[in-house]
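Trainee: Handing over my_file-v5.cif, mmCIF, C-alpha atoms.
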data_model
#
loop_
_atom_site.label_atom_id
_atom_site.label_comp_id
_atom_site.auth_asym_id
_atom_site.auth_seq_id
_atom_site.Cartn_x
_atom_site.Cartn_y
_atom_site.Cartn_z
CA MET A 1 126.10 88.56 151.57
CA LYS A 2 126.14 88.47 147.81
CA PRO A 3 125.70 92.12 146.77
CA ALA A 4 128.37 94.70 147.55
CA PRO A 5 127.43 97.26 150.24
CA PHE A 6 125.44 100.34 149.25
CA ASP A 7 123.62 103.24 150.86
CA TYR A 8 119.87 102.77 150.69
CA HIS A 9 117.50 105.66 149.99
CA ARG A 10 113.74 105.37 149.98
CA PRO A 11 112.20 108.66 148.83
CA GLU A 12 108.47 109.22 149.23
CA ASP A 13 107.98 111.38 146.13
CA LEU A 14 109.45 111.88 142.67
CA GLN A 15 111.03 115.24 143.47
CA SER A 16 113.04 113.71 146.33
CA ALA A 17 114.08 110.79 144.12
CA LEU A 18 115.33 113.15 141.41
CA SER A 19 117.24 115.32 143.84
CA LEU A 20 118.88 112.21 145.37
CA LEU A 21 119.79 111.11 141.85
CA GLY A 22 121.27 114.53 141.13
CA THR A 23 123.22 114.66 144.40
CA HIS A 24 124.84 111.22 144.45
CA THR A 25 127.24 109.89 141.88
CA ASP A 26 127.10 106.17 141.15
CA ALA A 27 123.46 105.85 142.13
CA SER A 28 120.99 103.35 140.68
CA ILE A 29 117.23 103.48 140.66
CA ILE A 30 115.57 100.27 141.85
CA ALA A 31 111.91 99.58 141.06
CA GLY A 32 111.10 95.87 140.57
CA GLY A 33 114.75 94.89 140.78
CA GLN A 34 114.24 91.83 138.62
CA SER A 35 117.21 92.69 136.40
CA LEU A 36 119.27 94.87 138.74
CA VAL A 37 119.32 92.53 141.76
CA PRO A 38 120.66 89.51 139.79
CA MET A 39 123.42 91.80 138.49
CA MET A 40 124.11 92.98 142.04
CA ASN A 41 124.12 89.40 143.30
CA TYR A 42 126.80 88.62 140.72
CA ARG A 43 128.49 91.93 141.59
CA LEU A 44 128.32 92.90 137.94
CA ALA A 45 126.54 95.98 139.28
CA GLN A 46 127.90 97.62 142.44
CA PRO A 47 126.11 100.94 142.82
CA GLU A 48 127.17 103.00 145.82
CA HIS A 49 123.65 104.32 146.26
CA LEU A 50 120.38 102.57 145.64
CA ILE A 51 117.32 104.79 145.27
CA ASP A 52 114.21 102.69 145.85
CA ILE A 53 111.19 104.18 144.03
CA ASN A 54 108.66 101.61 145.28
CA ARG A 55 107.00 104.23 147.51
CA LEU A 56 106.39 106.58 144.60
CA SER A 57 102.75 105.63 144.07
CA GLU A 58 102.41 108.72 141.85
CA LEU A 59 104.32 106.73 139.20
CA ASP A 60 102.16 103.61 139.42
CA TYR A 61 99.66 104.16 136.61
CA ILE A 62 98.42 103.11 133.18
CA ARG A 63 96.29 105.96 131.80
CA GLU A 64 94.43 106.96 128.69
CA ASP A 65 95.44 110.48 127.68
CA GLY A 66 93.67 111.46 124.46
CA ASP A 67 95.25 109.57 121.58
CA GLN A 68 97.94 107.97 123.72
CA ILE A 69 98.40 105.63 126.65
CA THR A 70 100.82 106.70 129.36
CA ILE A 71 102.57 104.21 131.61
CA GLY A 72 104.37 105.32 134.77
CA ALA A 73 107.75 104.09 135.97
CA LEU A 74 106.20 101.98 138.72
CA ALA A 75 103.59 100.18 136.56
CA ARG A 76 104.39 96.50 136.92
CA HIS A 77 104.37 93.99 134.08
CA ASP A 78 101.51 92.07 135.67
CA ALA A 79 99.30 95.19 135.84
CA ILE A 80 100.01 96.05 132.20
CA HIS A 81 99.39 92.44 131.17
CA ALA A 82 96.00 92.53 132.93
CA SER A 83 95.06 96.06 131.81
CA GLU A 84 91.84 96.31 129.79
CA LEU A 85 92.98 99.64 128.42
CA ILE A 86 96.09 98.01 126.97
CA ALA A 87 94.13 95.00 125.70
CA GLU A 88 91.70 97.30 123.90
CA HIS A 89 94.21 99.64 122.26
CA MET A 90 97.45 97.64 122.13
CA PRO A 91 96.64 93.92 121.95
CA LEU A 92 100.21 93.40 120.71
CA ILE A 93 101.46 94.22 124.23
CA SER A 94 98.90 92.01 125.98
CA HIS A 95 99.74 89.10 123.69
CA ALA A 96 103.50 89.54 123.99
CA TYR A 97 103.27 89.34 127.78
CA GLU A 98 102.35 85.67 127.39
CA TRP A 99 105.98 85.27 126.37
CA ILE A 100 107.62 87.60 128.85
CA ALA A 101 109.16 86.19 132.04
CA HIS A 102 107.18 84.34 134.72
CA LYS A 103 104.41 85.37 137.09
CA ALA A 104 106.65 86.04 140.11
CA VAL A 105 108.92 88.23 137.98
CA ARG A 106 106.00 90.05 136.34
CA ASN A 107 104.50 90.69 139.79
CA ARG A 108 107.54 92.79 140.75
CA GLY A 109 109.20 93.90 137.54
CA THR A 110 108.25 97.14 135.81
CA LEU A 111 108.06 97.90 132.09
CA CYS A 112 110.16 101.07 132.46
CA GLY A 113 112.82 99.14 134.41
CA ASN A 114 112.87 96.48 131.72
CA LEU A 115 113.45 99.16 129.08
CA CYS A 116 116.27 100.80 131.07
CA HIS A 117 117.97 97.42 131.47
CA ALA A 118 118.09 97.29 127.63
CA ASP A 119 118.70 93.60 127.20
CA PRO A 120 119.05 93.02 123.44
CA ALA A 121 116.98 89.82 123.67
CA SER A 122 114.14 91.43 125.63
CA GLU A 123 110.83 91.76 123.77
CA MET A 124 109.53 95.15 124.94
CA PRO A 125 112.37 97.25 123.46
CA ALA A 126 111.27 95.98 120.02
CA ILE A 127 107.58 96.46 120.78
CA ILE A 128 107.86 100.09 121.90
CA GLN A 129 109.83 100.82 118.73
CA VAL A 130 107.07 99.57 116.41
CA LEU A 131 104.51 101.43 118.55
CA GLU A 132 106.71 104.54 118.18
CA ALA A 133 106.50 105.34 121.86
CA THR A 134 108.18 108.30 123.53
CA LEU A 135 110.18 107.98 126.75
CA ILE A 136 110.21 110.80 129.27
CA LEU A 137 113.56 111.16 131.03
CA ALA A 138 113.56 113.44 134.05
CA ARG A 139 116.40 114.94 136.06
CA ASN A 140 116.30 117.41 138.91
CA GLY A 141 114.75 120.54 137.39
CA SER A 142 114.20 119.39 133.80
CA SER A 143 112.98 116.62 131.56
CA ARG A 144 113.28 115.55 127.94
CA GLU A 145 111.43 113.36 125.48
CA VAL A 146 113.27 110.60 123.64
CA PRO A 147 111.75 108.60 120.75
CA ALA A 148 111.93 104.83 121.35
CA LYS A 149 114.21 104.27 118.36
CA GLU A 150 116.83 106.62 119.85
CA PHE A 151 116.67 105.27 123.40
CA PHE A 152 118.72 102.09 123.01
CA VAL A 153 122.39 102.57 122.18
CA GLY A 154 123.99 99.21 123.00
CA THR A 155 123.73 96.05 125.04
CA TYR A 156 122.54 97.14 128.51
CA ASP A 157 123.08 100.74 127.43
CA THR A 158 120.62 103.57 126.80
CA VAL A 159 120.76 107.34 126.37
CA CYS A 160 119.53 107.73 129.97
CA GLU A 161 122.26 109.72 131.77
CA GLU A 162 123.49 108.96 135.30
CA ASP A 163 121.37 111.70 136.85
CA GLU A 164 118.29 110.92 134.75
CA MET A 165 115.38 108.60 135.36
CA LEU A 166 112.81 107.18 132.97
CA VAL A 167 109.57 108.41 134.55
CA GLU A 168 106.96 107.74 131.87
CA LEU A 169 106.35 105.93 128.63
CA ARG A 170 103.89 107.52 126.16
CA ILE A 171 102.51 105.21 123.52
CA PRO A 172 100.34 106.61 120.71
CA LYS A 173 97.28 104.44 120.06
CA PRO A 174 97.65 102.69 116.70
CA THR A 175 95.11 103.83 114.08
CA ALA A 176 91.93 101.76 114.01
CA GLY A 177 92.31 98.79 111.69
CA THR A 178 96.07 98.39 112.32
CA GLY A 179 97.10 94.72 112.29
CA TRP A 180 99.80 93.29 114.52
CA GLY A 181 101.99 90.21 114.67
CA PHE A 182 104.32 88.74 117.29
CA GLU A 183 106.42 85.58 117.12
CA GLU A 184 109.20 84.37 119.37
CA VAL A 185 111.45 81.38 119.80
CA SER A 186 113.26 80.92 123.10
CA MET A 187 114.84 78.02 124.97
CA ARG A 188 111.90 77.86 127.40
CA LYS A 189 108.76 79.95 127.46
CA GLY A 190 109.43 83.00 129.63
CA ASP A 191 113.15 83.08 128.85
CA PHE A 192 114.73 85.89 126.89
CA ALA A 193 114.19 85.46 123.15
CA TRP A 194 116.60 83.72 120.83
CA ALA A 195 114.73 85.81 118.32
CA ALA A 196 111.48 87.74 118.58
CA VAL A 197 109.87 89.56 115.67
CA VAL A 198 107.08 92.14 115.99
CA CYS A 199 105.11 93.99 113.39
CA LEU A 200 102.37 96.59 112.95
CA LEU A 201 100.87 97.42 109.57
CA ARG A 202 97.77 98.65 107.79
CA VAL A 203 96.20 97.51 104.54
CA GLU A 204 94.74 100.31 102.41
CA ASN A 205 92.90 99.35 99.20
CA GLY A 206 94.66 96.00 99.14
CA ARG A 207 98.13 97.56 99.61
CA LEU A 208 100.41 97.46 102.64
CA ASP A 209 100.80 100.77 104.42
CA ASP A 210 102.72 102.06 107.44
CA VAL A 211 104.64 98.80 107.86
CA ARG A 212 106.69 98.74 111.05
CA VAL A 213 108.86 95.75 111.92
CA ALA A 214 111.39 95.22 114.72
CA VAL A 215 113.45 92.30 115.99
CA SER A 216 114.93 91.39 119.36
CA GLY A 217 117.81 88.99 119.85
CA ALA A 218 119.32 89.58 116.42
CA ALA A 219 121.77 92.39 117.17
CA GLU A 220 123.34 94.30 120.06
CA ILE A 221 120.05 96.13 120.50
CA ALA A 222 116.44 95.53 119.51
CA LEU A 223 116.04 97.29 116.18
CA ARG A 224 113.60 98.34 113.47
CA LEU A 225 114.14 97.06 109.92
CA PRO A 226 113.63 100.25 107.86
CA ASP A 227 114.75 98.76 104.51
CA LEU A 228 112.21 95.96 104.82
CA GLU A 229 109.49 98.42 105.82
CA VAL A 230 110.15 100.63 102.79
CA ALA A 231 110.33 97.62 100.45
CA LEU A 232 106.94 96.33 101.59
CA ALA A 233 105.05 99.63 101.64
CA GLY A 234 102.61 99.90 98.74
CA GLN A 235 102.87 96.21 97.85
CA ALA A 236 99.93 93.83 97.68
CA PRO A 237 100.48 91.37 100.55
CA SER A 238 101.39 87.81 99.56
CA SER A 239 103.48 85.05 101.08
CA ASP A 240 106.01 85.30 98.21
CA ILE A 241 106.57 88.98 98.87
CA PHE A 242 106.94 88.38 102.61
CA GLU A 243 109.42 85.56 102.11
CA ASN A 244 111.54 87.50 99.63
CA ALA A 245 111.58 90.52 101.90
CA ALA A 246 112.54 88.34 104.87
CA THR A 247 115.47 86.79 102.99
CA LYS A 248 116.79 90.24 102.02
CA ALA A 249 116.30 91.66 105.53
CA VAL A 250 118.18 88.80 107.15
CA ASP A 251 121.24 89.36 104.94
CA ALA A 252 121.66 92.75 106.58
CA LEU A 253 121.54 91.37 110.14
CA ALA A 254 124.61 90.44 112.14
CA PRO A 255 123.27 88.51 115.12
CA VAL A 256 125.60 87.48 117.93
CA GLY A 257 125.68 83.76 118.68
CA SER A 258 126.04 82.17 122.10
CA ALA A 259 126.89 78.75 123.52
CA THR A 260 123.27 77.65 123.11
CA VAL A 261 122.30 79.28 119.83
CA SER A 262 124.51 80.15 116.89
CA ALA A 263 124.34 83.36 114.87
CA ASP A 264 123.37 81.35 111.77
CA TYR A 265 120.47 79.73 113.59
CA LYS A 266 119.26 83.12 114.82
CA ARG A 267 119.35 84.38 111.26
CA ASP A 268 117.30 81.35 110.19
CA LEU A 269 114.81 82.05 112.94
CA VAL A 270 114.31 85.66 111.89
CA ARG A 271 113.92 84.53 108.27
CA ALA A 272 111.22 82.06 109.34
CA LEU A 273 109.43 84.36 111.79
CA LEU A 274 109.26 87.48 109.61
CA PRO A 275 106.77 86.08 107.06
CA ARG A 276 104.66 84.69 109.91
CA VAL A 277 104.28 88.04 111.70
CA LEU A 278 103.66 89.86 108.42
CA SER A 279 100.92 87.36 107.45
CA ALA A 280 99.38 87.48 110.93
CA ALA A 281 99.36 91.28 110.91
CA THR A 282 97.84 91.38 107.42
CA ALA A 283 95.10 88.98 108.51
CA ARG A 284 94.34 91.15 111.55
CA ALA A 285 94.33 94.43 109.62
CA SER A 286 90.95 95.68 108.46
CA MET B 1 127.64 98.32 159.97
CA ASN B 2 125.05 100.65 158.49
CA THR B 3 121.60 99.18 159.16
CA THR B 4 117.99 100.14 158.50
CA ALA B 5 115.06 99.47 160.84
CA ILE B 6 112.19 97.47 159.34
CA GLU B 7 108.87 96.11 160.57
CA LEU B 8 106.99 93.40 158.77
CA GLU B 9 104.55 90.58 159.31
CA VAL B 10 105.62 87.04 158.53
CA ASN B 11 103.14 84.18 158.76
CA GLY B 12 100.87 86.32 160.91
CA ARG B 13 103.61 87.32 163.39
CA LYS B 14 104.99 90.84 163.61
CA HIS B 15 108.76 91.23 163.47
CA SER B 16 111.02 94.25 163.78
CA ALA B 17 114.68 94.15 162.89
CA ASN B 18 117.70 96.22 161.92
CA VAL B 19 119.13 94.96 158.68
CA PRO B 20 122.03 95.93 156.44
CA PRO B 21 120.42 97.23 153.20
CA ARG B 22 122.28 94.68 151.07
CA LYS B 23 120.79 91.72 152.93
CA LEU B 24 118.57 89.75 150.57
CA LEU B 25 115.06 89.01 151.77
CA SER B 26 115.74 85.27 151.33
CA ASP B 27 118.75 85.47 153.68
CA PHE B 28 116.81 87.58 156.17
CA ILE B 29 114.00 85.01 156.28
CA ARG B 30 116.38 82.08 156.71
CA GLN B 31 119.04 83.61 158.95
CA ASP B 32 117.37 86.35 160.98
CA LEU B 33 113.90 84.84 161.29
CA ALA B 34 115.19 81.24 161.43
CA LEU B 35 112.62 80.09 158.86
CA PRO B 36 114.69 77.76 156.66
CA GLY B 37 111.69 76.49 154.68
CA THR B 38 112.37 79.18 152.07
CA HIS B 39 115.03 77.51 149.95
CA VAL B 40 117.84 79.33 148.21
CA GLY B 41 118.94 77.78 144.92
CA CYS B 42 120.43 80.01 142.25
CA GLU B 43 120.23 83.37 144.05
CA HIS B 44 119.72 85.24 140.80
CA GLY B 45 116.07 84.74 140.00
CA VAL B 46 116.17 81.71 137.72
CA CYS B 47 115.21 78.65 139.79
CA GLY B 48 112.19 79.93 141.73
CA ALA B 49 113.02 77.90 144.88
CA CYS B 50 112.89 81.01 147.10
CA THR B 51 109.43 82.09 145.90
CA ILE B 52 107.25 83.34 148.76
CA LEU B 53 104.00 85.29 148.99
CA MET B 54 104.22 89.03 149.63
CA ASP B 55 100.82 90.61 150.23
CA GLY B 56 99.36 87.53 148.50
CA LYS B 57 101.54 87.79 145.38
CA ALA B 58 104.32 85.36 144.49
CA VAL B 59 107.74 87.02 144.56
CA ARG B 60 111.31 85.78 144.45
CA ALA B 61 112.87 86.45 147.83
CA CYS B 62 116.39 86.41 146.37
CA LEU B 63 115.52 89.37 144.11
CA MET B 64 114.44 91.67 146.92
CA PHE B 65 116.31 93.30 149.74
CA ALA B 66 114.88 92.79 153.21
CA VAL B 67 114.58 96.58 153.59
CA GLN B 68 112.11 96.55 150.69
CA ALA B 69 109.75 94.27 152.63
CA ASP B 70 109.29 96.96 155.31
CA GLY B 71 105.55 97.15 156.04
CA ALA B 72 104.72 94.05 153.98
CA SER B 73 102.92 90.87 154.97
CA LEU B 74 104.80 87.73 153.96
CA THR B 75 103.78 84.09 153.88
CA THR B 76 106.48 81.42 153.71
CA VAL B 77 105.94 77.67 153.51
CA GLU B 78 105.95 77.57 157.34
CA GLY B 79 102.83 79.76 157.28
CA LEU B 80 100.75 77.57 154.97
CA SER B 81 99.97 74.76 157.40
CA LYS B 82 97.96 75.18 160.57
CA ALA B 83 99.71 73.51 163.52
CA GLU B 84 100.09 69.86 162.47
CA GLU B 85 97.52 70.10 159.70
CA LEU B 86 98.85 70.43 156.17
CA HIS B 87 97.37 73.06 153.85
CA PRO B 88 95.16 71.39 151.18
CA ILE B 89 97.78 72.26 148.52
CA GLN B 90 100.50 70.59 150.61
CA HIS B 91 98.25 67.59 151.18
CA ALA B 92 97.65 67.26 147.44
CA PHE B 93 101.43 67.35 146.79
CA TRP B 94 101.80 64.52 149.32
CA GLU B 95 99.01 62.41 147.81
CA GLU B 96 100.07 62.90 144.20
CA HIS B 97 103.83 62.47 144.76
CA GLY B 98 104.34 66.12 143.78
CA LEU B 99 107.83 66.07 145.29
CA GLN B 100 110.87 63.88 145.63
CA CYS B 101 113.83 65.75 147.12
CA GLY B 102 111.61 68.65 148.17
CA PHE B 103 114.02 71.43 147.32
CA CYS B 104 111.70 73.18 144.85
CA THR B 105 108.55 72.45 146.86
CA PRO B 106 108.25 75.65 148.96
CA GLY B 107 108.50 77.76 145.78
CA MET B 108 106.10 75.47 143.91
CA LEU B 109 103.60 75.78 146.77
CA ALA B 110 103.79 79.57 146.69
CA ALA B 111 103.26 79.65 142.92
CA ALA B 112 100.35 77.20 143.23
CA HIS B 113 98.85 79.20 146.10
CA GLU B 114 98.83 82.40 144.06
CA LEU B 115 97.32 80.61 141.05
CA LEU B 116 94.54 78.97 143.06
CA SER B 117 93.70 82.19 144.90
CA GLU B 118 92.99 83.82 141.52
CA ASN B 119 91.66 80.84 139.58
CA THR B 120 89.75 78.09 141.39
CA ASP B 121 89.53 75.76 138.39
CA PRO B 122 92.68 76.15 136.27
CA THR B 123 93.33 74.17 133.10
CA ASP B 124 96.51 72.11 132.90
CA GLU B 125 97.88 74.76 130.56
CA GLU B 126 97.26 77.45 133.20
CA ILE B 127 98.92 75.29 135.85
CA ARG B 128 101.97 74.80 133.62
CA GLU B 129 102.13 78.55 133.01
CA ALA B 130 101.89 79.29 136.75
CA ILE B 131 104.83 77.04 137.68
CA SER B 132 106.89 77.85 134.58
CA GLY B 133 109.24 79.99 136.65
CA ASN B 134 110.02 77.18 139.09
CA LEU B 135 112.59 74.50 138.29
CA CYS B 136 112.20 70.93 139.52
CA ARG B 137 114.98 68.46 138.82
CA CYS B 138 113.21 65.33 140.18
CA THR B 139 109.60 64.92 139.22
CA GLY B 140 109.45 65.81 135.55
CA TYR B 141 106.65 68.20 136.62
CA GLU B 142 103.76 65.87 135.73
CA TYR B 143 103.06 64.88 139.34
CA ILE B 144 103.28 68.52 140.40
CA ILE B 145 100.63 69.39 137.81
CA ASP B 146 98.50 66.47 139.08
CA ALA B 147 98.95 67.79 142.63
CA ILE B 148 97.85 71.31 141.78
CA ARG B 149 94.82 70.01 139.87
CA THR B 150 93.89 67.87 142.91
CA ALA B 151 94.52 70.81 145.25
CA ALA B 152 92.14 72.96 143.20
CA LYS B 153 89.45 70.30 143.58
CA LYS B 154 90.03 70.05 147.36
CA LEU B 155 89.83 73.82 147.74
CA ARG B 156 86.63 74.02 145.70
CA VAL B 157 85.05 71.37 147.95
CA THR B 158 86.19 73.26 151.07
CA GLN B 159 84.84 76.54 149.72
CA ALA B 160 81.52 74.94 148.76
CA SER B 161 81.09 73.43 152.24
CA ASP B 162 82.08 76.75 153.88
CA ALA B 163 79.49 78.49 151.71
CA SER B 164 76.75 76.02 152.59
CA GLN B 165 77.55 76.34 156.32
CA ASN B 166 77.32 80.10 156.05
CA ALA B 167 74.08 79.97 154.05
#
Write out the structure in this file as structure tokens.

Mentor:
Amino acid sequence: MKPAPFDYHRPEDLQSALSLLGTHTDASIIAGGQSLVPMMNYRLAQPEHLIDINRLSELDYIREDGDQITIGALARHDAIHASELIAEHMPLISHAYEWIAHKAVRNRGTLCGNLCHADPASEMPAIIQVLEATLILARNGSSREVPAKEFFVGTYDTVCEEDEMLVELRIPKPTAGTGWGFEEVSMRKGDFAWAAVVCLLRVENGRLDDVRVAVSGAAEIALRLPDLEVALAGQAPSSDIFENAATKAVDALAPVGSATVSADYKRDLVRALLPRVLSAATARAS
Amino acid sequence: MNTTAIELEVNGRKHSANVPPRKLLSDFIRQDLALPGTHVGCEHGVCGACTILMDGKAVRACLMFAVQADGASLTTVEGLSKAEELHPIQHAFWEEHGLQCGFCTPGMLAAAHELLSENTDPTDEEIREAISGNLCRCTGYEYIIDAIRTAAKKLRVTQASDASQNA
């Protein structure tokens, strides 16, 4: 058998899951398992306890809650991809799912699990940062809210503590008229990104406003580009401005190369993709 | 060894078993249920060969533990055909040369089955998207796409004749 032995727990409600998580050291939560099980098969992950939350139907939701959308820990990629609520308020997410994994993986995998896995080349960690989502981390007896930009701390590493679980994602609805852009280059469609660039912005009286840009695949974590955002705010959109801003932004990036794609090529990709997402978002803004 | 009791339905037959929690669903299907039609390629969710249907949805059997299939209804390639009669999707793969070595075929069939259960007349682009998580090292994919397009046509004809008989 490929994975190392573990004790299996299958709680029926969130409270039991959290108390199991608080009681056992070296425990992992498993939802879709689409990232964790490969790591267990390679024995890169060898948790002593596996807490299976697939029976926690209370966490399987995508809801409208005033000016935000809330997504539970058991909401699967495929459900979010197909959600009319998401398509209406966050078309960026619906569109990006065309690039994320494959049907069989999206059928099982969950958005919250994907975020906790924190792969630096995964698209959603960048997307929730431009949407300025909040992550709710719960432990037995308490919970805390973490802004998306503070959640990711390194490759496969987040601020989620051993006894904590990401139970909900809260995404504020972008203001009406917000434009969005998404571009990605990967080896094959559905693979992790060599580079993915996402953007939200508004155009007020012909000037760019509230520009938010993030990249995946270009550093140890998906990250926002605050210098670029500040430089573009208040400017009249034009391809020259976008290209100049992209060139400057890329100088500050230190992507990590691999056997299949060099750091220089990744930098070139980000330089090429940034103006495209900014133009697309400007065209969509109203 | 520490085991967990599970009950599940596979290809219409009920099974109960005691399994070690770390046993992958793919290994359980092949070793415990003696259904070797589910192929195991990469065992880390890249090749798609072990794709089966769980409650009608395509899933990778190497990325689930057998204990997680407790209470589920599974269909493997052995459950697609009726006795000696191939399923229309299988028949289309045969007619259109949608396989050579056959290693990827059970997973391809599961992916195609899910697609055609949700979309009776897919475009070639939709077919490509549906099998994009399944690797084939023989065919170059074109004949597989032909096969799924032909299968869709066969299934539409079957459904139309069923509907007219029921009318």

Trainee: Using all atoms listed in the file, I'd like a table of the residues in chain B that come within 6 Å of chain A; for each, show the closest atom pair and its distance in Å rounded to one decimal, ordered by chain and ascending number, as JSON lines.

Mentor:
{"residue": "B:Arg22", "atom": "CA", "partner": "A:Pro5", "partner_atom": "CA", "distance": 5.8}
{"residue": "B:His44", "atom": "CA", "partner": "A:Pro38", "partner_atom": "CA", "distance": 4.5}
{"residue": "B:Ala58", "atom": "CA", "partner": "A:Ala104", "partner_atom": "CA", "distance": 5.0}
{"residue": "B:Val59", "atom": "CA", "partner": "A:Ala104", "partner_atom": "CA", "distance": 4.7}
{"residue": "B:Leu63", "atom": "CA", "partner": "A:Val37", "partner_atom": "CA", "distance": 5.5}
{"residue": "B:Gly133", "atom": "CA", "partner": "A:His102", "partner_atom": "CA", "distance": 5.2}

Trainee: Using the chain letters and residue numbers of this document, give as a short mmCIF file (atom, residue, chain, number, x, y, z; two decimals) with C-alpha atoms, keeping the file's coordinate frame the residues selected by the PyMOL selection byres ((chain B and resi 131) around 10).

Mentor:
data_model
loop_
_atom_site.label_atom_id
_atom_site.label_comp_id
_atom_site.auth_asym_id
_atom_site.auth_seq_id
_atom_site.Cartn_x
_atom_site.Cartn_y
_atom_site.Cartn_z
CA HIS A 102 107.18 84.34 134.72
CA LYS A 103 104.41 85.37 137.09
CA ALA A 104 106.65 86.04 140.11
CA GLY B 48 112.19 79.93 141.73
CA GLY B 107 108.50 77.76 145.78
CA MET B 108 106.10 75.47 143.91
CA LEU B 109 103.60 75.78 146.77
CA ALA B 110 103.79 79.57 146.69
CA ALA B 111 103.26 79.65 142.92
CA ALA B 112 100.35 77.20 143.23
CA LEU B 115 97.32 80.61 141.05
CA GLU B 126 97.26 77.45 133.20
CA ILE B 127 98.92 75.29 135.85
CA ARG B 128 101.97 74.80 133.62
CA GLU B 129 102.13 78.55 133.01
CA ALA B 130 101.89 79.29 136.75
CA SER B 132 106.89 77.85 134.58
CA GLY B 133 109.24 79.99 136.65
CA ASN B 134 110.02 77.18 139.09
CA LEU B 135 112.59 74.50 138.29
CA CYS B 136 112.20 70.93 139.52
CA TYR B 141 106.65 68.20 136.62
CA ILE B 144 103.28 68.52 140.40
CA ILE B 145 100.63 69.39 137.81
CA ILE B 148 97.85 71.31 141.78
#

Trainee: Can you translate the PyMOL selection byres ((chain A and resi 264) around 12) into the concrete residues it hits in this file, as number ranges by chain?

Mentor: A: 194-195, 218, 250-251, 253-258, 260-263, 265-271

Trainee: Can you pull out the residues contacting Ala92 (chain B)? Cut-off 10 Å, using all atoms listed in the file, and skip same-chain residues under 6 positions away; I want them as a list in words.

Mentor: Leu86, Gly98, Ile144, Asp146, Ala147, Ile148, Arg149, Thr150, Ala151, Ala152, Lys153 and Lys154 of chain B

Trainee: Show which residues sit within 8 Å of Arg139 (chain A), as a list in words. Count only C-alpha atoms, and ignore same-chain residues fewer than 3 positions away.

Mentor: Leu18, Ser19, Leu21, Gly22, Ser142, Ser143, Asp163, Glu164 and Met165 of chain A

Trainee: Please define a box with edges along x, y and z of the file around all atoms of region 14-23 of chain B given in the file, extend it by 8 Å on each side, and return its centre and edge lengths in Å to one decimal, as lines of an AutoDock Vina configuration file.

Mentor:
center_x = 113.6
center_y = 94.0
center_z = 157.4
size_x = 33.3
size_y = 22.4
size_z = 28.7

Trainee: Mind checking which residues fall within 8 Å of Glu114 (chain B), counting only C-alpha atoms, ignoring those fewer than 5 positions away in the same chain, and posting them as a PyMOL selection string?

Mentor: chain B and resi 53+56-58

Trainee: Quick check on the file I pasted: which residues fall under the PyMOL selection byres ((chain B and resi 67) around 9)? Write them as a PyMOL selection string.

Mentor: (chain A and resi 8) or (chain B and resi 4-6+18-25+64-66+68-70)

Trainee: Hey, can you check how far CA of Ile221 (chain A) sits from CA of Gly154 (chain A)?

Mentor: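 Here the two named atoms are 5.6 Å from each other.
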
Trainee: Show which residues sit within 9 Å of Ile29 (chain B), as a PDB file with C-alpha atoms, in the coordinates of the input. Count all atoms listed in the file, and ignore same-chain residues fewer than 4 positions away.

Mentor:
ATOM      1  CA  VAL B  10     105.620  87.040 158.530  1.00  0.00           C
ATOM      2  CA  LEU B  24     118.570  89.750 150.570  1.00  0.00           C
ATOM      3  CA  LEU B  25     115.060  89.010 151.770  1.00  0.00           C
ATOM      4  CA  LEU B  33     113.900  84.840 161.290  1.00  0.00           C
ATOM      5  CA  ALA B  34     115.190  81.240 161.430  1.00  0.00           C
ATOM      6  CA  LEU B  35     112.620  80.090 158.860  1.00  0.00           C
ATOM      7  CA  PRO B  36     114.690  77.760 156.660  1.00  0.00           C
ATOM      8  CA  GLY B  37     111.690  76.490 154.680  1.00  0.00           C
ATOM      9  CA  THR B  38     112.370  79.180 152.070  1.00  0.00           C
ATOM     10  CA  ALA B  61     112.870  86.450 147.830  1.00  0.00           C
ATOM     11  CA  ALA B  66     114.880  92.790 153.210  1.00  0.00           C
ATOM     12  CA  THR B  76     106.480  81.420 153.710  1.00  0.00           C
TER      13      THR B  76
END

Trainee: May I ask which of the residues B:Pro122, B:Thr3, B:Thr139, B:Pro88 is the closest one to Gln159 (chain B), counting all atoms listed in the file?

Mentor: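 Closest to Gln159 (chain B), using all atoms listed in the file: B:Pro88.
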
Trainee: To one decimal place in Å, what is the distance between CA of Asp210 (chain A) and CA of Pro174 (chain A)?

Mentor: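 Rounded to one decimal, the two atoms are 10.6 Å apart.
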
Trainee: For Pro237 (chain A), which residue among A:Leu14, A:Cys116, A:Ala249, A:Leu201 is the nearest when counting all atoms listed in the file?

Mentor: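 Smallest distance to Pro237 (chain A) is found for A:Leu201.
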
Trainee: Expressed in Å to a single decimal, how great is the separation between CA of Ile80 (chain A) and CA of Thr110 (chain A)?

Mentor: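 Interatomic distance, CA of Ile80 (chain A) to CA of Thr110 (chain A): 9.1 Å.
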
Trainee: Looking at only C-alpha atoms, which of A:Glu184, A:Asp26, A:Glu84, A:Glu132 is the one that sits closest to Leu200 (chain A)?

Mentor: A:Glu132

Trainee: Counting only C-alpha atoms, what is within 10 Å of Thr134 (chain A), bar same-chain residues fewer than 4 positions away, as a list in words?

Mentor: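 In the requested format, the answer is Thr70, Ile128, Gln129, Arg144, Glu145, Val146, Pro147, Ala148, Lys149, Glu150, Phe151, Glu168, Leu169, Arg170, Ile171 and Pro172 of chain A.
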
Trainee: For a quick check of your reading of the model, name the residues lying within 9 Å of the coordinate (112.2, 88.1, 104.9), counting all atoms listed in the file, and write them as a VMD selection string.

Mentor: chain A and resid 228 241 to 250 270 to 275
